[in-house]
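Source file: run-v5.cif. Holds: mmCIF, C-alpha atoms and all ligand atoms.
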```
data_work
loop_
_atom_site.label_atom_id
_atom_site.label_comp_id
_atom_site.auth_asym_id
_atom_site.auth_seq_id
_atom_site.Cartn_x
_atom_site.Cartn_y
_atom_site.Cartn_z
CA MET U 1 98.58 105.42 50.08
CA ASN U 2 94.77 105.50 49.92
CA ASN U 3 92.96 103.58 47.23
CA ALA U 4 90.39 105.36 45.07
CA SER U 5 86.80 104.41 45.95
CA HIS U 6 84.77 102.48 43.40
CA GLU U 7 82.42 105.46 43.12
CA GLU U 8 85.40 107.71 42.26
CA ILE U 9 86.50 105.28 39.54
CA ARG U 10 82.96 105.11 38.17
CA GLN U 11 82.92 108.92 37.98
CA LEU U 12 86.32 109.00 36.25
CA PHE U 13 84.94 106.69 33.55
CA ASN U 14 81.64 108.60 33.30
CA HIS U 15 83.42 111.90 32.69
CA ALA U 16 85.94 110.65 30.12
CA ASP U 17 85.39 110.16 26.39
CA ARG U 18 88.91 109.41 25.14
CA ILE U 19 90.75 106.90 27.30
CA LEU U 20 94.32 105.62 27.00
CA LEU U 21 95.22 102.31 28.63
CA ALA U 22 98.72 100.86 28.90
CA SER U 23 100.45 97.91 30.50
CA HIS U 24 104.01 96.75 30.96
CA VAL U 25 106.95 95.80 28.74
CA ARG U 26 107.53 92.10 27.96
CA PRO U 27 103.79 91.65 28.58
CA ASP U 28 102.52 88.50 30.27
CA GLY U 29 98.98 87.09 30.24
CA ASP U 30 97.84 89.42 33.01
CA ALA U 31 99.23 92.54 31.29
CA ILE U 32 97.41 91.68 28.05
CA GLY U 33 94.34 90.24 29.78
CA SER U 34 93.78 93.23 32.08
CA LEU U 35 94.43 95.67 29.22
CA LEU U 36 91.89 93.96 26.95
CA GLY U 37 89.43 93.29 29.78
CA LEU U 38 89.15 96.93 30.78
CA GLY U 39 89.76 98.34 27.28
CA LEU U 40 87.03 96.30 25.59
CA SER U 41 84.52 96.99 28.37
CA LEU U 42 85.13 100.75 28.10
CA GLU U 43 84.76 100.49 24.32
CA ASP U 44 81.42 98.68 24.81
CA ALA U 45 80.39 101.60 27.05
CA GLY U 46 80.85 103.91 24.05
CA LYS U 47 84.29 105.33 24.87
CA GLU U 48 87.05 106.00 22.37
CA VAL U 49 89.75 103.67 23.65
CA VAL U 50 93.44 103.33 22.77
CA MET U 51 95.27 100.30 24.20
CA VAL U 52 99.05 100.25 24.11
CA LEU U 53 101.93 97.88 24.96
CA SER U 54 105.40 99.08 24.02
CA ASP U 55 106.49 95.51 23.13
CA GLY U 56 103.20 94.60 21.42
CA VAL U 57 101.38 91.30 21.97
CA THR U 58 103.67 88.26 22.23
CA ALA U 59 102.90 85.58 19.62
CA ASN U 60 101.60 83.04 22.19
CA PHE U 61 98.84 85.43 23.33
CA ARG U 62 97.52 86.26 19.86
CA PHE U 63 94.58 83.93 20.46
CA MET U 64 92.93 86.63 22.58
CA SER U 65 89.98 88.43 20.99
CA GLY U 66 90.74 92.05 20.24
CA TYR U 67 94.53 91.73 20.56
CA GLU U 68 94.95 93.34 17.13
CA LYS U 69 93.53 96.59 18.55
CA ILE U 70 96.59 96.95 20.80
CA CYS U 71 99.18 99.35 19.39
CA THR U 72 102.83 99.86 20.38
CA LYS U 73 103.07 103.67 20.55
CA VAL U 74 100.75 106.68 20.89
CA SER U 75 101.82 109.95 19.32
CA ASP U 76 102.69 112.67 21.83
CA ASP U 77 100.21 115.18 20.38
CA LYS U 78 97.13 113.00 20.85
CA SER U 79 95.18 114.07 23.91
CA PHE U 80 93.18 111.89 26.29
CA ASP U 81 90.69 112.59 29.09
CA LEU U 82 91.94 109.68 31.14
CA VAL U 83 95.24 107.74 31.20
CA ILE U 84 95.21 104.36 32.94
CA THR U 85 98.03 101.90 33.67
CA LEU U 86 97.40 98.24 34.47
CA ASP U 87 99.62 95.66 36.19
CA ALA U 88 102.59 98.06 36.42
CA SER U 89 104.20 98.74 39.79
CA ASP U 90 106.17 101.76 38.58
CA PRO U 91 105.80 104.11 35.59
CA GLU U 92 109.07 102.90 33.98
CA ARG U 93 107.43 99.49 33.47
CA ILE U 94 105.27 101.02 30.74
CA GLY U 95 108.35 101.64 28.54
CA ASN U 96 108.15 104.49 26.04
CA ALA U 97 104.67 103.75 24.70
CA ILE U 98 102.79 106.67 26.27
CA GLY U 99 105.54 109.33 26.39
CA ASN U 100 105.66 111.32 29.62
CA ARG U 101 101.91 111.67 30.14
CA ASN U 102 100.63 111.90 33.70
CA ILE U 103 98.85 108.79 34.91
CA ASP U 104 95.32 109.38 36.20
CA LEU U 105 94.53 105.87 37.38
CA ASN U 106 96.96 103.11 38.38
CA ILE U 107 95.33 99.67 38.82
CA ASP U 108 97.70 96.97 40.03
CA HIS U 109 98.29 94.09 42.46
CA HIS U 110 102.05 94.32 43.15
CA VAL U 111 103.11 94.79 46.77
CA THR U 112 105.96 97.00 45.48
CA ASN U 113 103.59 99.44 43.69
CA LEU U 114 104.75 103.07 44.05
CA HIS U 115 101.20 104.57 43.96
CA PHE U 116 102.35 106.85 41.15
CA GLY U 117 98.87 107.64 39.75
CA LYS U 118 96.68 110.61 40.57
CA HIS U 119 94.22 107.88 41.65
CA ASN U 120 95.37 104.40 42.63
CA LEU U 121 93.71 101.06 43.09
CA VAL U 122 96.34 98.66 44.39
CA ASP U 123 95.36 95.34 45.94
CA PRO U 124 98.39 93.18 46.80
CA LEU U 125 96.07 90.38 47.93
CA ALA U 126 94.67 90.01 44.43
CA THR U 127 96.38 87.22 42.50
CA ALA U 128 96.24 89.24 39.26
CA THR U 129 95.25 92.69 38.05
CA SER U 130 92.64 90.78 36.03
CA GLU U 131 91.20 89.56 39.34
CA ILE U 132 90.70 93.18 40.52
CA LEU U 133 88.86 93.93 37.27
CA ALA U 134 86.75 90.75 37.48
CA GLU U 135 85.71 91.76 40.98
CA HIS U 136 84.87 95.42 40.35
CA LEU U 137 84.08 96.02 36.68
CA GLU U 138 80.32 95.96 37.28
CA SER U 139 80.53 98.36 40.23
CA TRP U 140 82.21 100.84 37.85
CA GLY U 141 79.17 100.63 35.53
CA LEU U 142 80.84 98.29 32.99
CA LYS U 143 79.70 94.91 31.66
CA PHE U 144 81.24 91.51 30.91
CA THR U 145 81.02 89.99 27.44
CA LYS U 146 82.60 86.69 26.38
CA PRO U 147 85.84 88.29 25.02
CA ILE U 148 86.19 90.36 28.21
CA ALA U 149 85.67 87.30 30.43
CA GLU U 150 88.21 85.36 28.32
CA ALA U 151 90.80 88.13 28.62
CA LEU U 152 90.40 88.34 32.40
CA LEU U 153 90.39 84.57 32.92
CA THR U 154 93.60 84.34 30.87
CA GLY U 155 95.17 86.92 33.21
CA LEU U 156 94.00 84.98 36.26
CA ILE U 157 95.20 81.62 34.90
CA THR U 158 98.64 82.89 33.89
CA ASP U 159 99.49 84.93 37.00
CA THR U 160 98.50 82.00 39.25
CA ILE U 161 100.18 79.47 36.88
CA GLY U 162 96.92 77.56 36.72
CA PHE U 163 95.54 78.41 40.18
CA ARG U 164 98.53 77.01 42.05
CA THR U 165 100.67 79.93 43.29
CA SER U 166 100.95 80.38 47.08
CA ASN U 167 98.78 83.53 47.00
CA MET U 168 95.81 81.60 45.57
CA SER U 169 92.56 82.38 47.41
CA PRO U 170 88.93 81.22 47.51
CA LYS U 171 88.00 84.65 46.17
CA ALA U 172 90.19 84.22 43.07
CA LEU U 173 88.65 80.81 42.43
CA LYS U 174 85.12 82.23 42.79
CA LEU U 175 85.96 85.07 40.39
CA GLY U 176 87.34 82.47 37.96
CA ALA U 177 83.96 80.70 38.15
CA LYS U 178 82.19 84.00 37.51
CA LEU U 179 84.29 84.49 34.37
CA MET U 180 83.42 80.96 33.22
CA GLU U 181 79.74 81.77 33.74
CA ALA U 182 80.25 84.85 31.56
CA GLY U 183 81.34 82.55 28.72
CA ALA U 184 85.09 81.93 29.14
CA ASN U 185 86.26 78.38 28.43
CA LEU U 186 88.73 77.46 31.20
CA PRO U 187 90.37 74.32 29.71
CA ASP U 188 90.78 75.99 26.32
CA LEU U 189 92.37 79.15 27.77
CA TYR U 190 94.48 77.08 30.18
CA ASN U 191 95.90 75.01 27.34
CA LYS U 192 96.48 77.97 25.05
CA SER U 193 98.17 80.14 27.68
CA LEU U 194 100.10 77.64 29.81
CA ILE U 195 100.54 74.34 27.98
CA ASP U 196 100.97 75.04 24.25
CA ARG U 197 104.57 75.89 23.38
CA SER U 198 106.43 76.54 20.16
CA TYR U 199 109.40 74.49 18.98
CA ALA U 200 111.58 77.65 19.04
CA GLN U 201 110.60 78.30 22.65
CA ILE U 202 111.66 74.86 23.90
CA ASN U 203 114.77 75.02 21.76
CA TYR U 204 115.60 78.38 23.39
CA TRP U 205 115.18 76.82 26.85
CA GLY U 206 117.73 74.19 25.87
CA TYR U 207 120.52 76.75 25.62
CA ALA U 208 119.82 77.98 29.15
CA LEU U 209 119.38 74.50 30.63
CA GLU U 210 122.79 73.48 29.34
CA LYS U 211 124.37 76.40 31.26
CA MET U 212 122.35 75.95 34.44
CA GLU U 213 124.32 76.17 37.71
CA ARG U 214 123.60 75.43 41.33
CA LYS U 215 125.18 76.42 44.64
CA ASP U 216 123.54 75.19 47.81
CA ARG U 217 119.83 76.01 47.40
CA LEU U 218 120.29 78.64 44.68
CA VAL U 219 119.91 77.78 40.98
CA TRP U 220 120.61 80.17 38.12
CA THR U 221 121.11 80.34 34.39
CA ALA U 222 121.07 82.79 31.47
CA LEU U 223 119.56 83.27 28.05
CA THR U 224 121.87 85.28 25.80
CA LEU U 225 121.12 87.25 22.63
CA ALA U 226 123.11 84.59 20.76
CA ASP U 227 120.89 81.83 22.22
CA ARG U 228 117.80 83.73 21.09
CA LYS U 229 119.17 83.99 17.56
CA MET U 230 120.26 80.35 17.35
CA ALA U 231 116.89 79.11 18.63
CA GLY U 232 114.97 81.42 16.30
CA TYR U 233 112.96 82.77 19.24
CA ASN U 234 111.34 86.11 18.46
CA GLY U 235 110.47 87.55 21.88
CA ASN U 236 112.72 89.51 24.27
CA ASP U 237 111.23 87.70 27.29
CA ASP U 238 112.16 84.51 29.17
CA ALA U 239 109.86 82.30 27.03
CA ASP U 240 108.34 81.15 30.34
CA LEU U 241 111.51 79.30 31.33
CA ASN U 242 110.98 80.69 34.87
CA THR U 243 108.06 78.33 35.38
CA LEU U 244 110.24 75.33 34.57
CA LEU U 245 113.13 76.54 36.77
CA SER U 246 110.82 77.18 39.71
CA SER U 247 109.73 73.53 39.63
CA ILE U 248 113.22 72.37 40.69
CA ALA U 249 112.80 70.77 44.11
CA GLU U 250 116.34 71.19 45.46
CA CYS U 251 116.34 74.97 45.62
CA ASP U 252 114.75 77.88 47.48
CA VAL U 253 115.46 80.59 44.91
CA THR U 254 116.08 80.57 41.16
CA VAL U 255 117.49 83.44 39.12
CA LEU U 256 117.19 83.79 35.36
CA PHE U 257 119.20 86.37 33.40
CA VAL U 258 117.88 87.35 29.97
CA GLU U 259 120.33 89.46 27.98
CA GLN U 260 118.70 92.44 26.22
CA ASN U 261 120.03 94.39 23.26
CA ASN U 262 120.20 97.78 25.02
CA HIS U 263 123.10 96.96 27.36
CA HIS U 264 120.57 95.77 29.94
CA VAL U 265 119.82 92.41 31.48
CA LYS U 266 116.34 91.35 32.52
CA VAL U 267 116.60 89.47 35.81
CA SER U 268 113.84 87.24 37.21
CA TRP U 269 113.73 85.72 40.68
CA ARG U 270 111.41 82.93 41.77
CA SER U 271 111.22 81.61 45.32
CA LYS U 272 109.64 78.99 47.50
CA PRO U 273 107.37 79.97 50.44
CA GLY U 274 109.35 81.63 53.24
CA PHE U 275 111.57 83.63 50.85
CA ASN U 276 110.60 87.11 49.66
CA VAL U 277 112.37 87.99 46.44
CA SER U 278 110.35 91.18 45.83
CA GLU U 279 112.68 92.99 48.28
CA LEU U 280 115.72 91.84 46.32
CA ALA U 281 114.17 92.99 43.04
CA PHE U 282 113.18 96.30 44.61
CA SER U 283 116.80 96.87 45.70
CA PHE U 284 117.69 96.73 41.97
CA ASN U 285 114.89 99.23 41.10
CA GLY U 286 112.60 96.42 40.03
CA GLY U 287 109.59 94.97 41.78
CA GLY U 288 107.09 92.14 41.88
CA HIS U 289 105.63 89.72 44.37
CA PRO U 290 107.19 87.81 47.30
CA ALA U 291 107.45 84.62 45.18
CA ALA U 292 108.11 86.13 41.72
CA ALA U 293 109.93 89.36 41.01
CA GLY U 294 112.09 91.00 38.38
CA ALA U 295 114.31 93.93 37.49
CA ASP U 296 115.78 95.46 34.35
CA ILE U 297 119.44 96.16 35.16
CA GLU U 298 122.00 98.11 33.15
CA GLY U 299 125.31 96.40 32.40
CA THR U 300 126.82 93.43 30.62
CA LEU U 301 125.56 89.94 31.37
CA GLU U 302 128.73 89.16 33.36
CA GLU U 303 128.54 92.37 35.44
CA VAL U 304 124.86 91.95 36.26
CA LYS U 305 125.27 88.25 37.04
CA LYS U 306 128.09 88.90 39.49
CA ASP U 307 126.24 91.65 41.34
CA VAL U 308 122.87 89.87 41.46
CA LEU U 309 124.27 86.49 42.51
CA GLU U 310 126.33 88.12 45.28
CA LYS U 311 123.31 89.96 46.70
CA THR U 312 121.00 86.96 46.29
CA THR U 313 123.48 84.67 48.06
CA GLY U 314 123.77 87.24 50.87
CA TYR U 315 119.99 87.40 51.18
CA LEU U 316 119.68 83.60 51.27
CA LYS U 317 122.36 83.35 53.97
CA LYS U 318 120.57 85.96 56.08
CA ILE U 319 117.18 84.27 55.76
CA THR U 320 118.52 80.74 56.29
CA LYS U 321 120.47 81.88 59.37
CA GLY U 322 117.30 83.53 60.75
CA LYS U 323 115.38 80.30 60.22
CA ILE U 324 118.01 78.24 62.02
CA ASN U 325 118.07 80.73 64.95
CA ASN U 326 114.28 80.59 65.14
CA GLY U 327 114.43 76.81 65.19
CA ASN U 328 112.39 76.32 62.02
P1 LIG U 401 109.00 88.25 35.55
O1 LIG U 401 110.20 87.82 36.31
O2 LIG U 401 108.15 87.12 35.08
O3 LIG U 401 109.29 89.24 34.46
O4 LIG U 401 108.13 89.07 36.57
C1 LIG U 401 107.78 88.61 37.86
C2 LIG U 401 107.00 89.71 38.57
O5 LIG U 401 107.85 90.83 38.80
C3 LIG U 401 105.83 90.24 37.73
O6 LIG U 401 104.77 90.50 38.60
C4 LIG U 401 106.37 91.50 37.11
O7 LIG U 401 105.34 92.44 36.88
C5 LIG U 401 107.39 92.00 38.13
N1 LIG U 401 108.55 92.60 37.43
C6 LIG U 401 109.34 92.00 36.53
N2 LIG U 401 110.30 92.83 36.07
C7 LIG U 401 110.10 94.02 36.70
C8 LIG U 401 110.77 95.29 36.63
O8 LIG U 401 111.73 95.51 35.89
N3 LIG U 401 110.26 96.26 37.42
C9 LIG U 401 109.18 96.06 38.24
N4 LIG U 401 108.76 97.08 38.99
N5 LIG U 401 108.54 94.88 38.32
C10 LIG U 401 108.98 93.87 37.57
MN MN U 402 99.97 90.62 37.20
#
```
Any chance you could put this one into structure tokens?
Amino acid sequence: MNNASHEEIRQLFNHADRILLASHVRPDGDAIGSLLGLGLSLEDAGKEVVMVLSDGVTANFRFMSGYEKICTKVSDDKSFDLVITLDASDPERIGNAIGNRNIDLNIDHHVTNLHFGKHNLVDPLATATSEILAEHLESWGLKFTKPIAEALLTGLITDTIGFRTSNMSPKALKLGAKLMEAGANLPDLYNKSLIDRSYAQINYWGYALEKMERKDRLVWTALTLADRKMAGYNGNDDADLNTLLSSIAECDVTVLFVEQNNHHVKVSWRSKPGFNVSELAFSFNGGGHPAAAGADIEGTLEEVKKDVLEKTTGYLKKITKGKINNGN
């Protein structure tokens, strides 16, 4: 599971003219930020760059410079010298945007990453894929401009929910400062990416909050396709409801089910320190981080709910019992 050296990555970029970059479905700030951060810097270095997200850029991130360059599909007959994925722990996370091309370079920060690239740069200690780029871009021969710094700082702010997740480090804070020095406006990006919300988004939350349930220290709820329609919410994501759920004090783990229109349910887990939900997500072929993980599971909402809640309850019992036996 060796990481590529920075010199190897520099050489990969030097020897490539046409470069394809992709990130994951239901993109978050780090997916879009890392894609734009690396994509724009390679473009500035004179490369022909194609950036792709199979779900496109969500409306709330359309403030990012260059977002309109991101497409949703690349035709199978177009050839590239280098194919890069960002912020994706397995190739399925990319969706159908890049067909079945081989991945030359996989840059990510998920502990569950499968090292599926020909070359891999996986740093589970990094708070965001954008943090990895902020740290190393210059050693790969690339430069920061204001739009690049803004993209990467947006990734850093969103994955750390405003520098407050438990994996936050002095290094991440220093890299945030470096991005500010390169021209990114922290309060402006913070407000745009974490605070500003649409009426439809909050309305959508309302449907899930009404259905919210709790058993012991587990809280869960669901967003259905009907809720999405009634609220007039356009995305197929959780509209950031996870952040609100994870602020509930009386629980250790929250689970959010978001019904999808392909007979799948997107499941998100959030947990308090001491609980590792990435293992749970991984057991459902998903992935993520100890405190925030997800999986895309086939089945009806009722089927998926039953299975996931059973396994999550079992996990919580096991962990809680272990804690009691250890006397903490
Ligand atoms: P969220 O629950 O907000 O979608 O994602 C939480 C974390 O889990 C993110 O780091 C995200 O990349 C990861 N994640 C979410 N869904 C999936 C999935 O279906 N597969 C994998 N491998 N990771 C996921
Ligand atoms: Mn990320």
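Minimum atom-to-atom distances from U:Asn2, U:Thr127, U:Asn234, U:Ser54 to Asn96 (chain U) were compared using all atoms listed in the file, and the lowest value belongs to U:Ser54.
For the pair CA of Ser193 (chain U) and CA of Thr158 (chain U), the interatomic distance is 6.8 Å.
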Give me the residues near Asn242 (chain U) as a PyMOL selection string, where near means some atom within 12 Å (using only C-alpha atoms) and where sequence neighbours in that chain fewer than 3 positions away do not count. chain U and resi 161+205+208-209+219-223+237-239+245-248+253-258+267-271+291-294
Can you check which parts of chain U lie within 8 Å of ligand MN 402 (chain U)? Per residue, the shortest pair of atoms and distance in Å to one decimal, counting all atoms listed in the file, sorted by chain and number, as CSV.
```
residue,atom,partner,partner_atom,distance
U:Asp28,CA,U:MN402,MN,7.7
U:Gly29,CA,U:MN402,MN,7.9
U:Asp30,CA,U:MN402,MN,4.9
U:Ala31,CA,U:MN402,MN,6.3
U:Asp87,CA,U:MN402,MN,5.2
U:Ala88,CA,U:MN402,MN,7.9
U:Asp108,CA,U:MN402,MN,7.3
U:His109,CA,U:MN402,MN,6.5
U:His110,CA,U:MN402,MN,7.3
U:Thr127,CA,U:MN402,MN,7.2
U:Ala128,CA,U:MN402,MN,4.5
U:Thr129,CA,U:MN402,MN,5.2
U:Ser130,CA,U:MN402,MN,7.4
U:Gly155,CA,U:MN402,MN,7.3
U:Asp159,CA,U:MN402,MN,5.7
```
So the first atom is CA of Ile84 (chain U) and the second is atom O5 of ligand LIG 401 (chain U); what is the distance between them in Å, to one decimal place? 19.4 Å
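Nearest residue to Pro187 (chain U) among U:Leu42, U:Val304, U:Met168, U:Leu153 is U:Leu153, counting all atoms listed in the file.
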For region 301-311 of chain U, take all atoms listed in the file, fit an axis-aligned box around them, add 3 Å to each of the six sides, then output centre and edge lengths in Å rounded to one decimal, as JSON.
```
{"center_x": 125.8, "center_y": 89.4, "center_z": 39.0, "size_x": 11.9, "size_y": 11.9, "size_z": 21.3}
```
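In this structure, CA of Leu20 (chain U) sits 6.0 Å away from CA of Val49 (chain U).
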Protein and nucleic acid residues near (105.1, 80.3, 47.4) (cut-off 8 Å, only C-alpha atoms) as a CSV table (one decimal) with C-alpha atoms, in the frame of the given file:
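Once written, point_14.csv looks like this:
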```csv
chain,number,residue,atom,x,y,z
U,165,THR,CA,100.7,79.9,43.3
U,166,SER,CA,101.0,80.4,47.1
U,167,ASN,CA,98.8,83.5,47.0
U,271,SER,CA,111.2,81.6,45.3
U,272,LYS,CA,109.6,79.0,47.5
U,273,PRO,CA,107.4,80.0,50.4
U,274,GLY,CA,109.4,81.6,53.2
U,290,PRO,CA,107.2,87.8,47.3
U,291,ALA,CA,107.4,84.6,45.2
```
